[in-house]
Amino acid sequence: MAIPFSYSSRSLWARRTTTIATALGIALVVFVLAASQMLTSGMRGTLLRAGRESRALVMQHDAYSEDGSRIRQSVLSRVAAAPGVRKGQSGEPLVTAESLVQIFVPRVDDETRISSVQVRGVSENVFSLRPEARVIAGRAAHPGSDEAIIGRGIDGSYEGLSMGQHFMLEKGRNIQIVGVFEAGGSAYESEVWTGLDVVRTSLGWEGFLSSITAELEAPSAFEGFALALEADKADGLAVARERAYYEKVSEGLASSIQALGGLVTLIFACGAMLGAAITMNGAIAQRRKEIGVLRALGFSARQVMLAFLLESAALALVGALVGVGLASLLSLSDFSVTNYGTGNEIAFPFEVNVKSLLRSIVAGAAVGVLGGFFPALKAARTNPVAAMRA
Amino acid sequence: MSLLLLILRNAGRAPVRGALTVVAVAITLVAFVLLRTISAGWTDRIEQTPNDRVVTRHKIGWASSMPVRYTEVVRKMPGVKTAMGGSWAGLKLPADDSVFFQSFAVDAAQFVEMHHELAAPPEQKRAFVADRRGALVSAELAAERGWRLGDELHFKGRDYPGDWVLTVSAVVKSTRAGFGQRAVWLHWEYFNETLPERDRDLISLISAQIFNPADGARLAKAIDIHFDTQAEPTFSQEDKALNTAIVSRFAAIMDAMNVVSLLVLGIVVLILGNTVAMSTRERTREYGMLRALGFMPRHLVTFVLGEAAALGVVAGGVGLALAYPLVQGPLSRYLEQEMRTAPLRVAGGDALTALLLGAALGLVAAAIPALRAARLEVTESLAHAA
């Protein structure tokens with residue numbers, strides 16, 4: 001028969017001050033681990049949701065990002081005629097041309113913080129290409145007018161950029177913000193959308209586009225589509241799956257957060273593991289007699305070891321649950337930072353993701369088990385006779 | 001004196017626990033030093049920006065340009081010593097367009113005169129100014145690509161169509177954090193003449209050197225007011241303010257790191273507190289004995305606090321000994337690779353903070369156990385079963 005679990009759990013309760021201190025230490029480790037994972041997945045999720053498998057992005061072949069890309073207007077008809085492009089209800093090819101520019105705007109909460117916000121000049125058919133976007137307040141911008149709509153992620157965060165206010169792309173030409181849109185929690189929600197020609201005439205970019213987005217018949221139609229457009233080197237085009245593009249531009253910031261969060265967690269985990277070792281070591285020293293009795297009663301060394309490992313695992317698990325609980329509270333807050341893949345500022349949430357929470361809990365429990373291993377081994381090796389005499 | 005001896009003897013009584021505590025706290029303090037060092041890297045970037053420069057760009061955004069004649073106007077403004085105009089050249093290597101580096105087309109003479117933070121032998125700098133197809137290249141980039149003085153380099157345009165052939169006139173080492181570590185500078189005149197008509201005679205940035213640093217904000221305003229009536233209005237800032245704004249774009253990440261630094265302290269208190277609480281519990285009888293012998297409660301407080309502080313100081317010292325090689329060695333290399341950060345250098349102040357924190361947190365952690373020991377009834381504690 002194994003030593004009942006209640007022996008382990010009651011022992012923890014008997015020494016609750018120490019138990020709580022150790023569990024809290026592990027809770028902090030798990031908190032940092034879970035928080036950095038939530039941040040990474042919120043950030044990546046926001047950018048990746050902007051990309052769909054069924055959409056392809058056509059850009060200048062050597063541009064890092066959409067806003068640094070410049071292609072000729074004449075390319076649009078070639079893209080529309082390329083194989084694999086889906087047709088709309090009235091038979092028109094689903095392609096949309098866009099022109100992007102980033103503007104300087106001070107943040108409302110700190111005027112010295114000048115951020116770059118992305119303004120996307122969109123064609124009239126943008127909503128049929130990006131069905132995830134819809135206006136949730138005010139109205140859509142009238143085509144051909146100097147009007148714009150703003151993503152709900154940044155509405156009100158920057159001076160001049162909120163419903164009813166206006167901004168400029170060119171001196172003396174106010175662009176009025178007439179509506180707020182949502183786009184399924186994607187990075188588009190950190191953009192301002194205005195007319196394609198508003199952007200082009202303001203900046204003197206007539207005849208050029210930044211990118212063309214095409215809706216494909218199926219994700220598998222991508223290869224044929226890309227091949228047809230990239231074959232002619234003179235146009236200098238590169239075609240990417242939209243999702244792969246957003247994967248690329250999120251990589252830098254995501255891997256930074258991950259690297260830093262991982263490193264700090266690793267260091268913390270070592271500290272907490274030793275903390276658990278101290279606690280278990282103390283517990284065993286104090287209960288030497290008890291262990292001797294257990295052995296004398298016929299419990300094997302293996303069972304004693306298991307009981308103590310369970311005790312430290314339970315301790316760590318409590319800590320891990322507290323840590324994950326605290327981290328989950330973070331999902332109530334928002335994070336806003338410049339993505340260095342594209343250079344503009346995006347707002348994103350801490351995203352609770354079951355997989356990363358589970359991973360954090362497992363990591364926390366592992367810290368406890370590893371920390372408790374040597375003390376438990378020591379307990380198992382206790383000589384019953386000597387221990388009872390002590 | 002004998003009190004101190006007693007404290008130290010006590011600290012050494014449970015060697016395994018003591019050692020584990022010291023190592024645990026030391027490792028956690030490494031995380032503290034790491035986080036402080038990373039934030040310090042950002043602050044360095046602001047602090048090392050010269051305070052006698054004002055930067056002017058187009059009011060709308062980086063994508064808009066200003067007429068090249070603006071530079072001359074700024075240069076002639078009272079209070080301005082000299083000024084240079086420049087553009088992002090957007091060069092790339094024809095062989096491999098994925099190699100990342102920055103490229104700037106600048107007014108060569110003024111650029112070299114102003115940017116003393118780029119270190120190179122004076123004759124190399126003179127050679128750059130004299131050769132209109134000359135190039136200044138960062139030492140880091142030159143080393144990576146195997147470029148040497150006198151080499152002829154071929155570039156293509158990423159942002160503008162065109163080919164440019166440059167001769168390496170100088171290899172410069174930047175002494176300023178976050179500036180010019182991976183860059184190529186070329187003459188603006190040469191860059192400009194190759195551009196298509198519509199992109200010609202435009203600049204994206206003007207940098208002015210001013211006589212009196214205290215005048216920066218006023219001059220920035222004066223420049224903007226001057227150009228406000230023109231078709232292309234400007235937005236000027238002191239260079240330091242501009243760099244502060246750039247760093248503050250990552251403010252959210254810095255805030256997160258500061259929160260985590262606080263958590264580090266929390267973990268240290270928990271580990272130390274746990275150890276001290278265990279020791280005092282085990283010694284309850286002993287404390288009763290000491291009180292019976294005539295020691296006062298304050299003596300017990302001194303014992304407990306002193307032991308915790310001793311552990312904390314030793315842990316702080318070990319933490320420092322670990323932090324220097326770890327943070328500046330493997331951890332720095334890892335982050336350089338993952339985050340493209342500059343190499344980390346641990347500042348003396350942060351190191352000292354870690355040491356003092358060790359001791360201070362030891363005292364904090366021991367406060368409750370110390371009070372508890374002091375309040376014990378003599379008879380009760382003598383009856384206490386260990």
# chains A, B, ... in the order shown; residues from 1 in each chain; ligands from 1

call {"tool": "residues_around", "arguments": {"residues": "Gly172 (chain A)", "least_positions_apart": "4", "cutoff": "12 Å", "atoms": "only C-alpha atoms", "output": "PyMOL selection string"}}
result
(chain A and resi 146+166-168+202) or (chain B and resi 60+228-233)

call {"tool": "select_by_dssp", "arguments": {"residues": "region 80-217 of chain A", "states": "alpha helix (DSSP H)", "output": "list in words"}}
result
Ala80, Ala81, Val126, Phe127, Ser128, Leu129, Leu196, Asp197, Val198, Val199, Arg200, Thr201, Ser202 and Leu203 of chain A

call {"tool": "interface_residues", "arguments": {"of": "chain A", "to": "chain B", "cutoff": "8 Å", "atoms": "only C-alpha atoms", "output": "ChimeraX atom specification"}}
result
/A:17-18,21-22,24-25,28,32,62-63,68-70,101-104,112-116,168-171,203,252-253,255-256,259-260,264,267-268,270-272,274-275,277-279,281-282,335-338,345

call {"tool": "write_last_selection", "arguments": {"atoms": "C-alpha atoms", "output": "compact mmCIF listing (two decimals), in the first residue's frame"}}
result
# COMPACT_ATOMS: atom_id res chain seq x y z
CA THR A 17 4.04 29.73 6.70
CA THR A 18 6.88 27.98 4.93
CA ALA A 21 6.31 31.39 1.14
CA THR A 22 7.61 28.65 -1.16
CA LEU A 24 4.36 32.17 -3.64
CA GLY A 25 7.91 32.01 -4.98
CA LEU A 28 5.91 34.45 -9.28
CA VAL A 32 6.35 35.74 -15.41
CA ASP A 62 12.81 43.59 -52.14
CA ALA A 63 10.70 45.66 -49.75
CA GLY A 68 8.24 50.51 -47.95
CA SER A 69 6.94 48.97 -51.15
CA ARG A 70 6.24 50.81 -54.40
CA VAL A 101 2.02 55.68 -45.28
CA GLN A 102 3.02 56.13 -41.67
CA ILE A 103 2.38 59.45 -39.98
CA PHE A 104 3.81 61.10 -36.87
CA THR A 112 6.37 63.82 -25.93
CA ARG A 113 5.86 60.31 -27.25
CA ILE A 114 5.65 60.72 -31.00
CA SER A 115 4.47 57.45 -32.52
CA SER A 116 4.10 56.25 -36.08
CA MET A 168 -3.36 65.67 -42.40
CA LEU A 169 -1.33 63.92 -45.04
CA GLU A 170 -0.58 67.18 -46.81
CA LYS A 171 -0.58 70.75 -45.69
CA LEU A 203 1.94 62.47 -51.15
CA GLY A 252 11.39 40.31 -34.56
CA LEU A 253 9.29 41.64 -31.70
CA SER A 255 11.15 36.57 -30.57
CA SER A 256 12.49 39.46 -28.46
CA ALA A 259 13.83 35.56 -25.51
CA LEU A 260 13.68 38.02 -22.66
CA VAL A 264 14.10 35.75 -16.89
CA ILE A 267 16.72 32.37 -13.87
CA PHE A 268 13.68 32.74 -11.63
CA CYS A 270 16.44 28.16 -10.69
CA GLY A 271 15.89 30.42 -7.67
CA ALA A 272 12.46 28.98 -6.93
CA LEU A 274 16.33 26.01 -4.73
CA GLY A 275 13.61 27.61 -2.59
CA ALA A 277 14.67 22.40 -2.02
CA ILE A 278 15.24 24.46 1.13
CA THR A 279 11.66 23.94 2.23
CA ASN A 281 15.02 19.79 3.16
CA GLY A 282 13.76 21.51 6.29
CA PHE A 335 -0.31 46.65 -24.39
CA SER A 336 0.84 49.12 -27.03
CA VAL A 337 4.28 48.99 -28.57
CA THR A 338 6.09 49.69 -31.82
CA GLU A 345 2.77 51.17 -33.26

call {"tool": "atom_distance", "arguments": {"atom1": "CA of Leu311 (chain B)", "atom2": "CA of Leu33 (chain A)"}}
result
27.8 Å

call {"tool": "residues_around", "arguments": {"residues": "region 162-175 of chain B", "least_positions_apart": "4", "cutoff": "9 Å", "atoms": "only C-alpha atoms", "output": "VMD selection string"}}
result
chain B and resid 48 91 116 to 121 123 to 129 131 to 140 142 147 to 158 179 to 181 186 190 to 191 194 to 196

call {"tool": "write_last_selection", "arguments": {"atoms": "N, CA and C atoms", "output": "short mmCIF file (atom, residue, chain, number, x, y, z; two decimals), in the first residue's frame"}}
result
data_model
loop_
_atom_site.label_atom_id
_atom_site.label_comp_id
_atom_site.auth_asym_id
_atom_site.auth_seq_id
_atom_site.Cartn_x
_atom_site.Cartn_y
_atom_site.Cartn_z
N GLN B 48 23.78 59.37 -24.45
CA GLN B 48 24.94 59.57 -25.32
C GLN B 48 24.62 60.39 -26.56
N LEU B 91 19.93 51.64 -49.83
CA LEU B 91 20.80 50.81 -50.66
C LEU B 91 20.69 49.34 -50.26
N HIS B 116 31.30 63.87 -34.41
CA HIS B 116 32.55 63.45 -33.78
C HIS B 116 32.42 62.10 -33.09
N GLU B 117 31.16 61.60 -32.93
CA GLU B 117 30.99 60.30 -32.29
C GLU B 117 31.38 59.15 -33.21
N LEU B 118 31.63 59.47 -34.49
CA LEU B 118 32.11 58.43 -35.40
C LEU B 118 33.63 58.55 -35.48
N ALA B 119 34.31 57.60 -34.86
CA ALA B 119 35.77 57.70 -34.74
C ALA B 119 36.47 57.04 -35.92
N ALA B 120 37.38 57.81 -36.53
CA ALA B 120 38.22 57.29 -37.62
C ALA B 120 39.42 58.22 -37.74
N PRO B 121 40.54 57.75 -38.29
CA PRO B 121 41.69 58.65 -38.47
C PRO B 121 41.29 59.85 -39.32
N GLU B 123 42.69 61.53 -41.59
CA GLU B 123 42.96 61.50 -43.05
C GLU B 123 41.90 60.69 -43.79
N GLN B 124 41.33 59.67 -43.09
CA GLN B 124 40.26 58.90 -43.73
C GLN B 124 39.02 59.75 -43.91
N LYS B 125 38.70 60.51 -42.86
CA LYS B 125 37.53 61.38 -42.94
C LYS B 125 37.71 62.42 -44.04
N ARG B 126 38.95 62.97 -44.14
CA ARG B 126 39.21 63.95 -45.20
C ARG B 126 39.05 63.30 -46.57
N ALA B 127 39.50 62.07 -46.67
CA ALA B 127 39.40 61.36 -47.96
C ALA B 127 37.94 61.19 -48.36
N PHE B 128 37.07 60.93 -47.38
CA PHE B 128 35.64 60.78 -47.66
C PHE B 128 35.06 62.08 -48.21
N VAL B 129 35.41 63.19 -47.53
CA VAL B 129 34.87 64.48 -47.96
C VAL B 129 35.35 64.82 -49.37
N ASP B 131 36.30 62.75 -51.86
CA ASP B 131 35.89 61.86 -52.95
C ASP B 131 34.36 61.80 -53.04
N ARG B 132 33.79 62.35 -54.10
CA ARG B 132 32.32 62.42 -54.16
C ARG B 132 31.68 61.04 -54.32
N ARG B 133 32.50 60.04 -54.65
CA ARG B 133 31.95 58.67 -54.66
C ARG B 133 32.48 57.87 -53.47
N GLY B 134 32.94 58.60 -52.46
CA GLY B 134 33.48 57.93 -51.28
C GLY B 134 32.37 57.41 -50.38
N ALA B 135 32.73 56.51 -49.48
CA ALA B 135 31.76 55.99 -48.51
C ALA B 135 32.41 55.88 -47.14
N LEU B 136 31.60 56.19 -46.13
CA LEU B 136 31.98 55.90 -44.75
C LEU B 136 31.25 54.61 -44.41
N VAL B 137 31.94 53.64 -43.83
CA VAL B 137 31.22 52.42 -43.43
C VAL B 137 31.49 52.11 -41.97
N SER B 138 30.48 51.56 -41.29
CA SER B 138 30.64 51.18 -39.88
C SER B 138 31.63 50.02 -39.78
N ALA B 139 32.44 50.07 -38.74
CA ALA B 139 33.45 49.02 -38.55
C ALA B 139 32.80 47.64 -38.46
N GLU B 140 31.63 47.56 -37.74
CA GLU B 140 30.96 46.27 -37.56
C GLU B 140 30.56 45.68 -38.91
N ALA B 142 31.76 46.55 -41.92
CA ALA B 142 32.95 46.30 -42.74
C ALA B 142 33.57 44.95 -42.35
N TRP B 147 34.86 44.25 -45.99
CA TRP B 147 35.22 45.45 -46.75
C TRP B 147 36.47 46.09 -46.16
N ARG B 148 37.36 46.56 -47.05
CA ARG B 148 38.55 47.25 -46.56
C ARG B 148 38.71 48.60 -47.26
N LEU B 149 39.53 49.46 -46.67
CA LEU B 149 39.78 50.78 -47.25
C LEU B 149 40.16 50.64 -48.72
N GLY B 150 39.56 51.49 -49.55
CA GLY B 150 39.90 51.48 -50.97
C GLY B 150 39.10 50.50 -51.80
N ASP B 151 38.34 49.61 -51.15
CA ASP B 151 37.52 48.65 -51.90
C ASP B 151 36.43 49.40 -52.68
N GLU B 152 36.11 48.86 -53.85
CA GLU B 152 35.02 49.43 -54.62
C GLU B 152 33.76 48.60 -54.36
N LEU B 153 32.69 49.27 -53.92
CA LEU B 153 31.46 48.54 -53.57
C LEU B 153 30.35 48.89 -54.54
N HIS B 154 29.59 47.87 -54.92
CA HIS B 154 28.46 48.09 -55.83
C HIS B 154 27.15 47.95 -55.07
N PHE B 155 26.29 48.95 -55.22
CA PHE B 155 24.99 48.89 -54.54
C PHE B 155 23.87 49.10 -55.54
N LYS B 156 22.70 48.59 -55.17
CA LYS B 156 21.48 48.87 -55.93
C LYS B 156 20.51 49.57 -54.98
N GLY B 157 19.48 50.18 -55.56
CA GLY B 157 18.50 50.88 -54.73
C GLY B 157 17.33 49.99 -54.36
N ARG B 158 16.91 50.08 -53.10
CA ARG B 158 15.73 49.35 -52.66
C ARG B 158 14.52 50.28 -52.75
N PHE B 179 23.60 54.29 -32.51
CA PHE B 179 23.80 55.14 -33.68
C PHE B 179 24.94 54.61 -34.55
N GLY B 180 24.64 54.38 -35.81
CA GLY B 180 25.68 54.09 -36.79
C GLY B 180 26.45 52.80 -36.58
N GLN B 181 25.79 51.76 -36.01
CA GLN B 181 26.51 50.49 -35.84
C GLN B 181 26.51 49.64 -37.11
N LEU B 186 27.02 58.01 -47.80
CA LEU B 186 27.58 58.43 -49.08
C LEU B 186 27.24 59.90 -49.32
N TYR B 190 26.02 62.91 -55.13
CA TYR B 190 26.19 61.75 -56.01
C TYR B 190 24.91 60.89 -56.01
N PHE B 191 24.34 60.71 -54.83
CA PHE B 191 23.11 59.93 -54.70
C PHE B 191 21.99 60.58 -55.51
N THR B 194 21.61 60.52 -59.60
CA THR B 194 21.21 59.27 -60.26
C THR B 194 19.70 59.02 -60.16
N LEU B 195 19.04 59.77 -59.28
CA LEU B 195 17.61 59.50 -59.03
C LEU B 195 16.74 59.92 -60.20
N PRO B 196 15.55 59.29 -60.34
CA PRO B 196 14.60 59.76 -61.34
C PRO B 196 14.17 61.19 -61.00
#

call {"tool": "residues_around", "arguments": {"residues": "Asn212 (chain B)", "least_positions_apart": "4", "cutoff": "10 Å", "atoms": "only C-alpha atoms", "output": "ChimeraX atom specification"}}
result
/B:51-53,79-81,216

call {"tool": "write_last_selection", "arguments": {"atoms": "N, CA and C atoms", "output": "mmCIF file, in the first residue's frame"}}
result
data_model
loop_
_atom_site.group_PDB
_atom_site.id
_atom_site.type_symbol
_atom_site.label_atom_id
_atom_site.label_comp_id
_atom_site.auth_asym_id
_atom_site.auth_seq_id
_atom_site.Cartn_x
_atom_site.Cartn_y
_atom_site.Cartn_z
ATOM 1 N N ASN B 51 23.875 66.949 -27.048
ATOM 2 C CA ASN B 51 22.780 67.853 -26.686
ATOM 3 C C ASN B 51 22.794 69.139 -27.501
ATOM 4 N N ASP B 52 23.709 69.226 -28.494
ATOM 5 C CA ASP B 52 23.765 70.462 -29.280
ATOM 6 C C ASP B 52 23.238 70.249 -30.700
ATOM 7 N N ARG B 53 22.321 69.305 -30.854
ATOM 8 C CA ARG B 53 21.779 69.062 -32.198
ATOM 9 C C ARG B 53 20.265 69.173 -32.225
ATOM 10 N N GLY B 79 22.095 81.364 -34.188
ATOM 11 C CA GLY B 79 22.190 80.331 -33.147
ATOM 12 C C GLY B 79 22.619 78.993 -33.712
ATOM 13 N N VAL B 80 22.552 78.840 -35.051
ATOM 14 C CA VAL B 80 22.945 77.575 -35.674
ATOM 15 C C VAL B 80 24.393 77.674 -36.128
ATOM 16 N N LYS B 81 25.193 76.690 -35.728
ATOM 17 C CA LYS B 81 26.613 76.699 -36.083
ATOM 18 C C LYS B 81 26.779 76.137 -37.492
ATOM 19 N N GLY B 216 18.116 74.762 -27.757
ATOM 20 C CA GLY B 216 17.588 73.747 -28.669
ATOM 21 C C GLY B 216 16.089 73.813 -28.892
#

call {"tool": "atom_distance", "arguments": {"atom1": "CA of Ala141 (chain A)", "atom2": "CA of Ser74 (chain A)"}}
result
25.6 Å

call {"tool": "residues_around", "arguments": {"residues": "Thr56 (chain B)", "least_positions_apart": "5", "cutoff": "10 Å", "atoms": "only C-alpha atoms", "output": "list in words"}}
result
Met66, Tyr70, Thr71, Val74, Gly85, Ser204, Leu205, Ile206, Ser207, Ala208, Ala220, Ile223, Asp224, Thr234, Phe235, Ser236, Gln237, Glu238, Asp239 and Leu242 of chain B

call {"tool": "select_by_dssp", "arguments": {"residues": "region 12-77 of chain A", "states": "strand (DSSP E)", "output": "PyMOL selection string"}}
result
chain A and resi 55-60+71-72

call {"tool": "write_last_selection", "arguments": {"atoms": "C-alpha atoms", "output": "tab-separated table (two decimals), in the first residue's frame"}}
result
chain	number	residue	atom	x	y	z
A	55	ARG	CA	-5.29	35.92	-49.45
A	56	ALA	CA	-2.08	36.73	-51.28
A	57	LEU	CA	-0.09	39.94	-51.03
A	58	VAL	CA	1.74	41.40	-54.02
A	59	MET	CA	4.58	43.82	-53.23
A	60	GLN	CA	7.85	45.22	-54.54
A	71	ILE	CA	4.75	49.15	-57.48
A	72	ARG	CA	3.22	50.54	-60.65

call {"tool": "residues_around", "arguments": {"residues": "Ala310 (chain B)", "least_positions_apart": "2", "cutoff": "9 Å", "atoms": "only C-alpha atoms", "output": "list in words"}}
result
Ile7, Leu8, Ala11, Leu305, Gly306, Glu307, Ala308, Gly312, Val313, Val314, Ala315, Ala359 and Gly362 of chain B

call {"tool": "residues_around", "arguments": {"residues": "region 292-300 of chain A", "least_positions_apart": "5", "cutoff": "6 Å", "atoms": "only C-alpha atoms", "output": "number ranges by chain"}}
result
A: 384, 387-388

call {"tool": "write_last_selection", "arguments": {"atoms": "C-alpha atoms", "output": "PDB file, in the first residue's frame"}}
result
ATOM      1  CA  PRO A 384      14.724   3.688  10.323  1.00  0.00           C
ATOM      2  CA  ALA A 387      15.962   7.971  12.786  1.00  0.00           C
ATOM      3  CA  MET A 388      13.674   6.765  15.568  1.00  0.00           C
TER       4      MET A 388
END

call {"tool": "decode", "arguments": {"residues": "region 54-99 of chain B", "atoms": "C-alpha atoms", "output": "PDB file, in the first residue's frame"}}
result
ATOM      1  CA  VAL B  54      18.332  69.828 -33.545  1.00  0.00           C
ATOM      2  CA  VAL B  55      16.729  67.463 -36.035  1.00  0.00           C
ATOM      3  CA  THR B  56      14.165  68.608 -38.598  1.00  0.00           C
ATOM      4  CA  ARG B  57      11.942  66.332 -40.657  1.00  0.00           C
ATOM      5  CA  HIS B  58       8.707  66.627 -42.607  1.00  0.00           C
ATOM      6  CA  LYS B  59       5.716  67.275 -40.412  1.00  0.00           C
ATOM      7  CA  ILE B  60       3.622  64.415 -41.813  1.00  0.00           C
ATOM      8  CA  GLY B  61       5.962  61.460 -41.488  1.00  0.00           C
ATOM      9  CA  TRP B  62       9.226  59.916 -42.588  1.00  0.00           C
ATOM     10  CA  ALA B  63       7.758  59.083 -45.997  1.00  0.00           C
ATOM     11  CA  SER B  64       7.409  62.764 -46.931  1.00  0.00           C
ATOM     12  CA  SER B  65      10.437  64.787 -48.003  1.00  0.00           C
ATOM     13  CA  MET B  66      11.540  68.419 -47.819  1.00  0.00           C
ATOM     14  CA  PRO B  67      13.156  70.510 -50.570  1.00  0.00           C
ATOM     15  CA  VAL B  68      16.944  70.415 -50.320  1.00  0.00           C
ATOM     16  CA  ARG B  69      17.131  74.205 -50.061  1.00  0.00           C
ATOM     17  CA  TYR B  70      15.741  73.981 -46.501  1.00  0.00           C
ATOM     18  CA  THR B  71      19.214  73.004 -45.232  1.00  0.00           C
ATOM     19  CA  GLU B  72      20.684  76.335 -46.307  1.00  0.00           C
ATOM     20  CA  VAL B  73      17.860  78.201 -44.589  1.00  0.00           C
ATOM     21  CA  VAL B  74      18.446  76.347 -41.323  1.00  0.00           C
ATOM     22  CA  ARG B  75      22.211  76.827 -41.576  1.00  0.00           C
ATOM     23  CA  LYS B  76      21.764  80.615 -41.758  1.00  0.00           C
ATOM     24  CA  MET B  77      19.456  80.861 -38.776  1.00  0.00           C
ATOM     25  CA  PRO B  78      20.928  82.741 -35.806  1.00  0.00           C
ATOM     26  CA  GLY B  79      22.190  80.331 -33.147  1.00  0.00           C
ATOM     27  CA  VAL B  80      22.945  77.575 -35.674  1.00  0.00           C
ATOM     28  CA  LYS B  81      26.613  76.699 -36.083  1.00  0.00           C
ATOM     29  CA  THR B  82      26.229  74.360 -39.036  1.00  0.00           C
ATOM     30  CA  ALA B  83      23.620  72.075 -40.556  1.00  0.00           C
ATOM     31  CA  MET B  84      23.548  69.074 -42.842  1.00  0.00           C
ATOM     32  CA  GLY B  85      20.784  67.605 -44.981  1.00  0.00           C
ATOM     33  CA  GLY B  86      20.351  63.955 -45.802  1.00  0.00           C
ATOM     34  CA  SER B  87      18.142  61.191 -47.107  1.00  0.00           C
ATOM     35  CA  TRP B  88      17.662  57.535 -46.482  1.00  0.00           C
ATOM     36  CA  ALA B  89      19.365  56.048 -49.491  1.00  0.00           C
ATOM     37  CA  GLY B  90      17.790  52.599 -49.201  1.00  0.00           C
ATOM     38  CA  LEU B  91      20.804  50.813 -50.659  1.00  0.00           C
ATOM     39  CA  LYS B  92      21.087  47.055 -50.894  1.00  0.00           C
ATOM     40  CA  LEU B  93      23.718  44.599 -52.025  1.00  0.00           C
ATOM     41  CA  PRO B  94      23.026  43.342 -55.555  1.00  0.00           C
ATOM     42  CA  ALA B  95      24.100  39.835 -54.604  1.00  0.00           C
ATOM     43  CA  ASP B  96      21.954  39.457 -51.495  1.00  0.00           C
ATOM     44  CA  ASP B  97      19.116  41.859 -50.781  1.00  0.00           C
ATOM     45  CA  SER B  98      18.346  40.292 -47.426  1.00  0.00           C
ATOM     46  CA  VAL B  99      21.508  41.704 -45.789  1.00  0.00           C
TER      47      VAL B  99
END
